There are 2 protein chains.
Amino acid sequence: MRNLLTGLLFLLCVQSAYSEDGYRLWLRYDKIKDERLLNLYRSRIKNIYLPGTSGTIAVMKSELTTALKGLLDKEVPFTDKITSGTLVIKIATLGIAVPESYTITSGKSQNITIGSPDDAGLLYGMFHLLRLLQTHSDVSSLNVIESPKIKTRILNHWDNLDRTVERGYAGFSIWDWHRLPEYVDPRYTDYARANASIGINAVSLTNVNANALLITPAYLEKVKVLADLFRPWHIKVFLTARFSAPMEIGGLKTADPLDADVKQWWKNKADEIYKYVPDFGGFLVKANSEGQPGPQNYNRTHADGANMLAEAVGPHGGIVMWRAFVYDSNVPDDRAKQAYSEFKPLDGKFNDNVIVQVKNGPIDFQPREPYHPLFGTMKSTPLMMELQITQEYLGQATHLVFLPVLWKENIDQADLKESNALKAVAGVANIGNDRNWTGHLFGQSNWYGYGRLAWDYNAASKQIADEWTRMTFGNDADLVQNVSALMLSSHETIVNYMTPLGLHHIMGANHHYGPGPWVSKMSRADWTSTYYHKADSLGIGFDRTDKGSKALEQYPNDAQKLWDSKDTCPEQLLLWFHHVGWNHKIAGTTLWDHLCNTYDKGLTNVRDMQTSWKSMSSKVDSDRFKHVSMLLDRQVKEAELWHHSCILYFQTFSKKPIPNGINVGDKPLEYYIGLQYPYAPGIRPRW
Amino acid sequence: MRNLLTGLLFLLCVQSAYSEDGYRLWLRYDKIKDERLLNLYRSRIKNIYLPGTSGTIAVMKSELTTALKGLLDKEVPFTDKITSGTLVIKIATLGIAVPESYTITSGKSQNITIGSPDDAGLLYGMFHLLRLLQTHSDVSSLNVIESPKIKTRILNHWDNLDRTVERGYAGFSIWDWHRLPEYVDPRYTDYARANASIGINAVSLTNVNANALLITPAYLEKVKVLADLFRPWHIKVFLTARFSAPMEIGGLKTADPLDADVKQWWKNKADEIYKYVPDFGGFLVKANSEGQPGPQNYNRTHADGANMLAEAVGPHGGIVMWRAFVYDSNVPDDRAKQAYSEFKPLDGKFNDNVIVQVKNGPIDFQPREPYHPLFGTMKSTPLMMELQITQEYLGQATHLVFLPVLWKENIDQADLKESNALKAVAGVANIGNDRNWTGHLFGQSNWYGYGRLAWDYNAASKQIADEWTRMTFGNDADLVQNVSALMLSSHETIVNYMTPLGLHHIMGANHHYGPGPWVSKMSRADWTSTYYHKADSLGIGFDRTDKGSKALEQYPNDAQKLWDSKDTCPEQLLLWFHHVGWNHKIAGTTLWDHLCNTYDKGLTNVRDMQTSWKSMSSKVDSDRFKHVSMLLDRQVKEAELWHHSCILYFQTFSKKPIPNGINVGDKPLEYYIGLQYPYAPGIRPRW
C-alpha cells in the first residue's frame, strides 16, 4: 500500500511536468467542475451560429471549438440555423458604431447573442463570453455593452535580432528570426491568441534601440509571415525605425529629416514595407535618447524627425509613435524635468498621425513615481502612456508583483479620461521563450492586466486580479480570495522593502537588479543612485520644489499644491519631491525611524505573501505551486538583501540607531556592496 | 457536417499544439497499441520487485511508474514478494563485474529479471527494458548482457554564463544560472532522465571557452544544486577550467603551472569544489587554443598544465580532460597537422588521471573528415574522441542529418577498439531551451545516437535510427522503414551538396552557416575557405601528400598507403589529400563534371528526403509532421544555395561548362556572395 501510494505520488509529480508548466496562460479551458453551471452553459450553448468566411471568423471557429470542448467537455457543432440554445455571433448594428465594440445579450430566449459592427468586435465578444464561462459567471441574463477606451493597444517588445531581449527576464526572444520565414513556430499562434483574448491589437516586434536591418528585404520577408499570422487575430504590426537607417542601409550621407533625399528614402521605404504588410501600423521611434541617433544630430527637432516619418507612412494610413524618453547627462538639470523641457515647447508641432509616447513617470519605470508631467500639460499633441510590463526595476523574474496597481496609480493621477491620451497605450512586454512565457508565473497576470487596462483603464485592479486568478488557478472561493489579496498587496510591499517614501533609482548598476543605493560612479551621473537619493548628514531625498530642481513646476496647479509641502505631500512621494531631515516628524516618529519601519514592514509583508501562498498548497497543482514557492523563497531572500543593505547604508548618513526590533542580519554593509551579479539577465550584449 | 469537420480539424490543430511539441523526446511512453503485445507485456509485468532506498532506486520507481502507466495503461504496483509476473530488479553478482553492466533475462518463468552489480546498472537495465517495450520487442525469452565499452560518456555543453550557447541552435542555455540555486527548473530533471536513458553519465555544464566565475562560490552553490539533482541519475558534473583563473579570481600575478602558489591555488580550489560536489568529475580544459590562455603563455607544455590540474583533483578521484584542439595561424604549417605536431611529442608525459580529448577529425567537425591522426599513434596516453552533436558546420538547426553515420566512419577508421581511447568519449551537446530541446526534432536523434554509440560504438547506425524512430514516431513498419532510410541517407546527401569529394571548411565566415567558398579574407588565414579548397586554374584540393603539406605522414602506414595515391584514395577524401586537375579522370568523366554531378546528386537526394517525409503525412501527428516539413522545405532551399553558388564559384577557376541537365538557377555568383546572415545563431556575443 505504501509502495502504491509512493508510486502514485511519483506519477503525479512526473506526469504533471508535462502539463502544468504555465504554457496555456489564462486560456486553459479546463472542464467546468460545478455541475449546475456546466448544465446551464451546455443548455445555453448547444450549437453555434457564426456566419462569415474571413480569417477572423476562421480562427474564432478554431478557438470556440477548442474552448468549448474543454470547458463543456462536449463537441459543440456549428449550425446554419438558429434554434433554442444556439450561441449567435454575428455582425450587427449597435447603438454605438465604435469599431471593435460589441454586445453580449441573453435573456428569456435560450440564446446568447454576440453582436458587433466588425469582426474584431465579434472576436473580442467571443473571448469575453469565454471569460465569463471560465470565471463561473451567470450567463442567463447578460446585457454587456463594451467598447475600447483606447484605440491602439500595443505591446512593445524590446527584442533584438540576435534573440537577446533588453530588460527581458523570461529567457530569450520568441521571434526565431533566423528560421523565419520558412519555419513558423506554433508559439506565434498562441501568442496571438493570448493577445487577442485581452484586446491587444498591435505589436512592435523589436527593440526601440533599433537595428536598421529590420527594414531590409531579408527581414521584411520574415515580418510579413508574422503579420499574416497575426492579422486574423486583429493584431497590427509596427516596426522600430532606426533614425540613421538611410545611412546604414540606404547609402545616404545623412539622415537629416529635412534633406530631400532622406525624405524620399523613407517614403520609398514605407512604400516597400506596405507591399509586404498592407496593414502595417507604422513606426515606433526612440531618437536622441541614450545614444540613439535622431533629428538633433542635424540640429532639427523631435517634431521634424517625427513628421518626416509620418509623411512617409501617412498616405498608407500609418502612424508614428515617437518616444519622449529623453535625458542627457550633459544638460545641467534634473533628469526628471528633461522630457517635459524638450517636448512641451513642441506642443502642436507634430503631424496628425504622430503620437508622442510618454512613460508613466518622469524617470524610468520605478516601483513608484508620480505621473509624467507631460500628461495634462501637452494638450495639443496626442500622447500615449508607455507602461512597463517587464519588471526591470521590480525584481525582474524572481519577484511576484501585480503591476496594474502601480499603473492605475499613474493613470488616475494623470487623469487620462480628460487628456488627449486616448488614442494609444503601450506596454513593454515581459514575454520570452520560457515555457511559461513570462518567467514568473505571476508575470502572466501583468500581461493580462495590461491588456485589460488598455481596453478599459477604469477597470479595478481587484476585478482584474480576480479574473486572472480564476482563469489561471480555478474558481475555489478561498483560493481566489487569498491569491487575489496577495496580488493586490504585492506592489506596496515591494515598494516598501525597495524604495519606500518616494525613494527611486537605487538599484544595482546597469542590470537594475538588487539594491545599489551606494552606486555613485557611472559614466553618467544620472545613472547613479546617489544622484537620486541625495542622502547626507542632514537628511535624504531629492528637493524638486522651487527651492530645489523646480521639477514640481511642470505639474498642474493642484498637483503642485498638494506635493509642494512636506506636510501635505503623501509620504509615498515625500522623498521624490523633498529633501527631508532625519529628525523630521512623520507617522508619530522621526523620518529615520519611519524609513526603517517602512523597510521592515515591506519585509514582514513579503514573508506574509510567502505564508499565504504556502497555505494554498492543497488548492494548486504541485508543479505551479512549487514553481511559485521557489520564487517566493528567492523573493524573501532578495527582500532581506534590500532591507538589510539599505538600512545599513542610509545609517552611514543618519548616524542614528536602528529602531528596536528591526533585524538587519549579521553581515556588514561591505558584504552587500561586494555582491555582484555579472550575468543578471536583460542586458543587451555589446556587439 | 462540413462545419463539424472543420471544427474537428481545428480542434486537432489547436489541441495538439500543447501535446506534440517534442518535449518528451524518445521517452514518450504512449500506450502500446498492439493488443497482443500489450497483453504479453501486462502478463510479464504485473508488479515490480525493486528493493533499496538509494536516490537511484527512488528515481527508478518514479520512472517505472510513469512509463508503465503510459505504456501498459495500468497501475503497476511495487511489491515486496516475487510471484509469477513480477518484474524483478535487484543487485546481483554477474559473470562480469564491470561497473554499470547489467543482465535482463526472461524465460520459462513469467518473470523478467534485471540484475547488476550496482544501482547504475539497474538504472540502465530498466531503461533498456523500457526501450524493448517502446520498440515492440519480444520480451518472452530475453538474455541480454550489457556493459559499457567506454567508462565516461560525457556531454560537453558550450553554454555561457549569460545563457548564450556557442554553436547552439536550439534557443539558449537550459541553465538558468541567475535563478539558481533557489529556482530549480523542472527541465533539469527531464534532462537527467533523457541522458540516463541512453547511458550518458557525465556532463560538463559550460563552454570550453571558459569563464573563471564558474568556480567562485556564487556559482558553485548553483552547480551543487545541479549535481545533487543529477546524482540519482548517475550523472557526474565536470567544470570547464579557465587556465588564468588564479589571476582573474585568485589575485595571483601568474597562472604559470609550475609556480608553487598557482599549484596551491588550484589544490585549494579543487578542495573547495569537492566540498560542494563530493563526486565532482574534474576539469575540462581548452588551453592555448583560439586565444584561450594556457601553459604556453609561460613557456610550459600542455602536459605541464594538465598535470598541475590533475594533481589538484587527483586526491579526490577527479580527472582532467585536456583538449588537443590547437592550431595557430602563425605556425607556417597545415592546420590539419598542428594538433599532432604539438601533442605527439608529449606522449607518455601526462599524469594517469589526464585524458587528452581529440576531435574526431584533424580540422574541425566538418561534414566529412578523415579520422584524427593522434588516434592510433599517441599510444602511451589515454585519448578520448570529441564528437560534435550540435550541427555547427552541418546546417545547424535547419538541416536534418543523422550524425551517427558520420561518427561511425571516424570511429571505425580510428579503430577505437584497439586504441587506448576506451576511457571516455565526449559529445558537444545540441541542447537548448527550445521546447523540443534540439531545435530540429531530428536533432534529438543525434543526442540519442551519441548516447547509444558512447555506450557501444559497435552498434549499427541502422539499429540506432530504427530504435529512435520507433520510440519517437511509433512502430508502424512502413513509417519505421521510410524514416530510418531517410535518416541513414541524410549524411551522404548533405556532404554531397555542401562539401563533396573531400572538400571542407568552405562555409560562411564566423557563423559557419551556408556556403562561403569565396571567403578569403579573415583575421587568420586558417579561418578562410580558400586556405582549404585551394581552387586555381589547374584544379582543386589540398595536397597533403609528401609533395604538399605532408599531413598524410602523421597517419599509420596502411592509411598512408591507401590515401597517398589519387587512384586508391576514396573519392570521399580525394580533395582532402590531393590537389586534383580539373580534367582528372574520375567516375568515367572529368573531375569538374564529377564535382558538378556530385553537387547535383546531393540536391536531388535532399528533394527525395522532402518527398519521402511528405509521404508520411498520415502516419505522423500534424504538429511534428508540419515542424519537420517546414524545416525540410528550408533545407531544400539551403541545398539549392550550396549547389548553385559552389558550382558557379568553382567554375570561375575551371572555366568549363556546367554539365547538361544541371540547373544552377538564374542568379549570378555575386548574388550568393552578397547574402549575409548577420544574426545567424550560435555566435558568442563579444562582451
# chains A, B, ... in the order shown; residues from 1 in each chain; ligands from 1
$ residues_around --residues "region 543-558 of chain B" --least-positions-apart "3" --cutoff "8 Å" --atoms "only C-alpha atoms" --output "number ranges by chain"
B: 333-334, 336-337, 340, 373-374, 376-377, 561-564, 575-579
$ residues_around --residues "region 342-345 of chain B" --least-positions-apart "4" --cutoff "10 Å" --atoms "only C-alpha atoms" --output "count of residues only"
19
$ closest_residue --among "B:Ile45, B:Ala170, B:Ile389, B:Leu453" --to "chain A" --atoms "only C-alpha atoms"
B:Ala170
$ select_by_dssp --residues "region 39-187 of chain B" --states "strand (DSSP E or B)" --output "ChimeraX atom specification"
/B:47-49,78,86-91,102-106,112-116,143-146,152-156,159,165
$ select_by_dssp --residues "region 118-300 of chain B" --states "alpha helix (DSSP H)" --output "VMD selection string"
chain B and resid 119 to 134 187 to 197 217 to 230 245 to 248 260 to 276
$ residues_around --residues "Lys655 (chain B)" --least-positions-apart "5" --cutoff "10 Å" --atoms "only C-alpha atoms" --output "PyMOL selection string"
chain B and resi 537+582+592+648+650
$ residues_around --residues "Ser147 (chain A)" --least-positions-apart "5" --cutoff "7 Å" --atoms "only C-alpha atoms" --output "PyMOL selection string"
chain A and resi 98+100-102
$ write_last_selection --atoms "C-alpha atoms" --output "JSON list (two decimals), in the first residue's frame"
[["chain", "number", "residue", "atom", "x", "y", "z"],
["A", 98, "VAL", "CA", -17.42, 52.31, -32.43],
["A", 100, "GLU", "CA", -14.24, 46.81, -32.01],
["A", 101, "SER", "CA", -17.27, 47.32, -29.80],
["A", 102, "TYR", "CA", -19.66, 44.51, -29.02]]
$ residues_around --residues "region 565-572 of chain B" --least-positions-apart "6" --cutoff "10 Å" --atoms "only C-alpha atoms" --output "JSON, numbers by chain"
{"B": [368, 369, 370, 492, 495, 496, 499, 500, 501, 502, 503, 545, 559, 578, 579, 580, 584, 585, 586, 587]}
$ residues_around --residues "Leu87 (chain B)" --least-positions-apart "6" --cutoff "8 Å" --atoms "only C-alpha atoms" --output "PyMOL selection string"
chain B and resi 44-49+111-114
$ write_last_selection --atoms "all heavy atoms" --output "short mmCIF file (atom, residue, chain, number, x, y, z; two decimals), in the first residue's frame"
data_model
loop_
_atom_site.label_atom_id
_atom_site.label_comp_id
_atom_site.auth_asym_id
_atom_site.auth_seq_id
_atom_site.Cartn_x
_atom_site.Cartn_y
_atom_site.Cartn_z
N ARG B 44 3.65 -10.12 -18.17
CA ARG B 44 5.02 -10.26 -17.68
C ARG B 44 5.38 -9.20 -16.65
O ARG B 44 6.41 -9.29 -16.00
CB ARG B 44 6.01 -10.16 -18.86
CG ARG B 44 5.94 -11.35 -19.81
CD ARG B 44 6.31 -12.65 -19.08
NE ARG B 44 6.41 -13.75 -20.03
CZ ARG B 44 7.50 -14.53 -20.12
NH1 ARG B 44 8.54 -14.33 -19.35
NH2 ARG B 44 7.53 -15.52 -21.00
N ILE B 45 4.60 -8.16 -16.59
CA ILE B 45 4.92 -7.07 -15.63
C ILE B 45 3.66 -6.75 -14.84
O ILE B 45 3.01 -5.73 -15.03
CB ILE B 45 5.45 -5.83 -16.38
CG1 ILE B 45 6.58 -6.20 -17.34
CG2 ILE B 45 5.94 -4.78 -15.38
CD1 ILE B 45 7.12 -5.05 -18.17
N LYS B 46 3.34 -7.68 -13.92
CA LYS B 46 2.16 -7.46 -13.09
C LYS B 46 2.48 -6.56 -11.91
O LYS B 46 1.63 -5.81 -11.44
CB LYS B 46 1.63 -8.81 -12.60
CG LYS B 46 1.01 -9.64 -13.72
CD LYS B 46 0.48 -10.95 -13.18
CE LYS B 46 -0.12 -11.78 -14.29
NZ LYS B 46 -0.07 -13.23 -13.96
N ASN B 47 3.66 -6.74 -11.42
CA ASN B 47 4.13 -5.86 -10.34
C ASN B 47 5.65 -5.82 -10.38
O ASN B 47 6.26 -6.49 -11.22
CB ASN B 47 3.57 -6.30 -8.98
CG ASN B 47 3.82 -7.78 -8.75
OD1 ASN B 47 4.85 -8.32 -9.21
ND2 ASN B 47 2.91 -8.45 -8.06
N ILE B 48 6.22 -5.03 -9.50
CA ILE B 48 7.67 -4.78 -9.57
C ILE B 48 8.31 -5.01 -8.21
O ILE B 48 7.86 -4.44 -7.21
CB ILE B 48 7.97 -3.33 -10.03
CG1 ILE B 48 7.26 -3.02 -11.35
CG2 ILE B 48 9.47 -3.12 -10.16
CD1 ILE B 48 7.19 -1.54 -11.67
N TYR B 49 9.34 -5.81 -8.24
CA TYR B 49 10.14 -6.01 -7.03
C TYR B 49 11.41 -5.19 -7.21
O TYR B 49 12.23 -5.48 -8.09
CB TYR B 49 10.47 -7.50 -6.88
CG TYR B 49 11.38 -7.80 -5.72
CD1 TYR B 49 10.90 -7.83 -4.40
CD2 TYR B 49 12.74 -8.07 -5.94
CE1 TYR B 49 11.75 -8.13 -3.34
CE2 TYR B 49 13.59 -8.35 -4.89
CZ TYR B 49 13.09 -8.38 -3.58
OH TYR B 49 13.94 -8.66 -2.53
N ASN B 111 8.72 -14.31 -15.02
CA ASN B 111 9.43 -13.14 -14.53
C ASN B 111 10.42 -12.60 -15.54
O ASN B 111 11.05 -13.35 -16.27
CB ASN B 111 10.19 -13.47 -13.24
CG ASN B 111 9.25 -13.95 -12.16
OD1 ASN B 111 9.27 -15.11 -11.76
ND2 ASN B 111 8.39 -13.06 -11.72
N ILE B 112 10.52 -11.29 -15.55
CA ILE B 112 11.65 -10.63 -16.20
C ILE B 112 12.56 -10.17 -15.08
O ILE B 112 12.07 -9.57 -14.10
CB ILE B 112 11.19 -9.43 -17.04
CG1 ILE B 112 10.24 -9.88 -18.16
CG2 ILE B 112 12.38 -8.69 -17.64
CD1 ILE B 112 9.59 -8.74 -18.93
N THR B 113 13.84 -10.44 -15.20
CA THR B 113 14.77 -10.10 -14.13
C THR B 113 15.90 -9.23 -14.65
O THR B 113 16.56 -9.56 -15.63
CB THR B 113 15.37 -11.38 -13.49
OG1 THR B 113 14.30 -12.20 -13.03
CG2 THR B 113 16.30 -11.03 -12.34
N ILE B 114 16.06 -8.08 -14.00
CA ILE B 114 17.18 -7.19 -14.31
C ILE B 114 18.16 -7.28 -13.16
O ILE B 114 17.78 -7.06 -12.00
CB ILE B 114 16.72 -5.73 -14.49
CG1 ILE B 114 15.68 -5.64 -15.61
CG2 ILE B 114 17.91 -4.82 -14.77
CD1 ILE B 114 15.08 -4.25 -15.80
#
$ residues_around --residues "Ile174 (chain A)" --least-positions-apart "5" --cutoff "9 Å" --atoms "only C-alpha atoms" --output "short mmCIF file (atom, residue, chain, number, x, y, z; two decimals) with N, CA and C atoms, in the first residue's frame"
data_model
loop_
_atom_site.label_atom_id
_atom_site.label_comp_id
_atom_site.auth_asym_id
_atom_site.auth_seq_id
_atom_site.Cartn_x
_atom_site.Cartn_y
_atom_site.Cartn_z
N ASP A 159 12.99 43.25 -28.13
CA ASP A 159 13.72 42.06 -28.59
C ASP A 159 14.72 42.45 -29.68
N ARG A 163 18.08 37.67 -30.76
CA ARG A 163 17.19 37.00 -29.81
C ARG A 163 17.46 37.33 -28.35
N ASP A 185 7.07 29.08 -35.98
CA ASP A 185 6.90 28.46 -34.67
C ASP A 185 5.43 28.47 -34.26
N ARG A 187 4.23 28.62 -31.60
CA ARG A 187 4.08 29.56 -30.48
C ARG A 187 3.53 30.91 -30.93
N TYR A 188 3.86 31.30 -32.17
CA TYR A 188 3.37 32.60 -32.65
C TYR A 188 1.85 32.65 -32.61
N ILE A 431 7.51 39.13 -22.19
CA ILE A 431 7.37 37.81 -22.81
C ILE A 431 8.70 37.31 -23.35
N GLY A 432 9.01 36.05 -23.08
CA GLY A 432 10.21 35.44 -23.63
C GLY A 432 9.94 33.99 -23.97
N ASN A 433 10.99 33.28 -24.35
CA ASN A 433 10.78 31.90 -24.78
C ASN A 433 10.77 30.91 -23.62
N ASP A 434 10.75 31.37 -22.38
CA ASP A 434 10.49 30.45 -21.28
C ASP A 434 9.15 29.76 -21.56
N TRP A 437 6.15 31.63 -20.68
CA TRP A 437 6.08 32.92 -21.36
C TRP A 437 6.73 34.07 -20.61
#
$ closest_residue --among "B:Asp119, B:Asp593, B:Glu20, B:Asp633" --to "chain A" --atoms "only C-alpha atoms"
B:Asp633
$ closest_residue --among "B:Ile273, B:Leu50, B:Leu133, B:Leu161" --to "chain A" --atoms "only C-alpha atoms"
B:Leu161
$ atom_distance --atom1 "CA of Met385 (chain A)" --atom2 "CA of Gly427 (chain A)"
8.4 Å
$ closest_residue --among "A:Trp158, A:Asp666, A:Ser109, A:Ile150" --to "Asp456 (chain A)" --atoms "only C-alpha atoms"
A:Ile150
$ atom_distance --atom1 "CA of Gly361 (chain A)" --atom2 "CA of Leu641 (chain A)"
26.1 Å
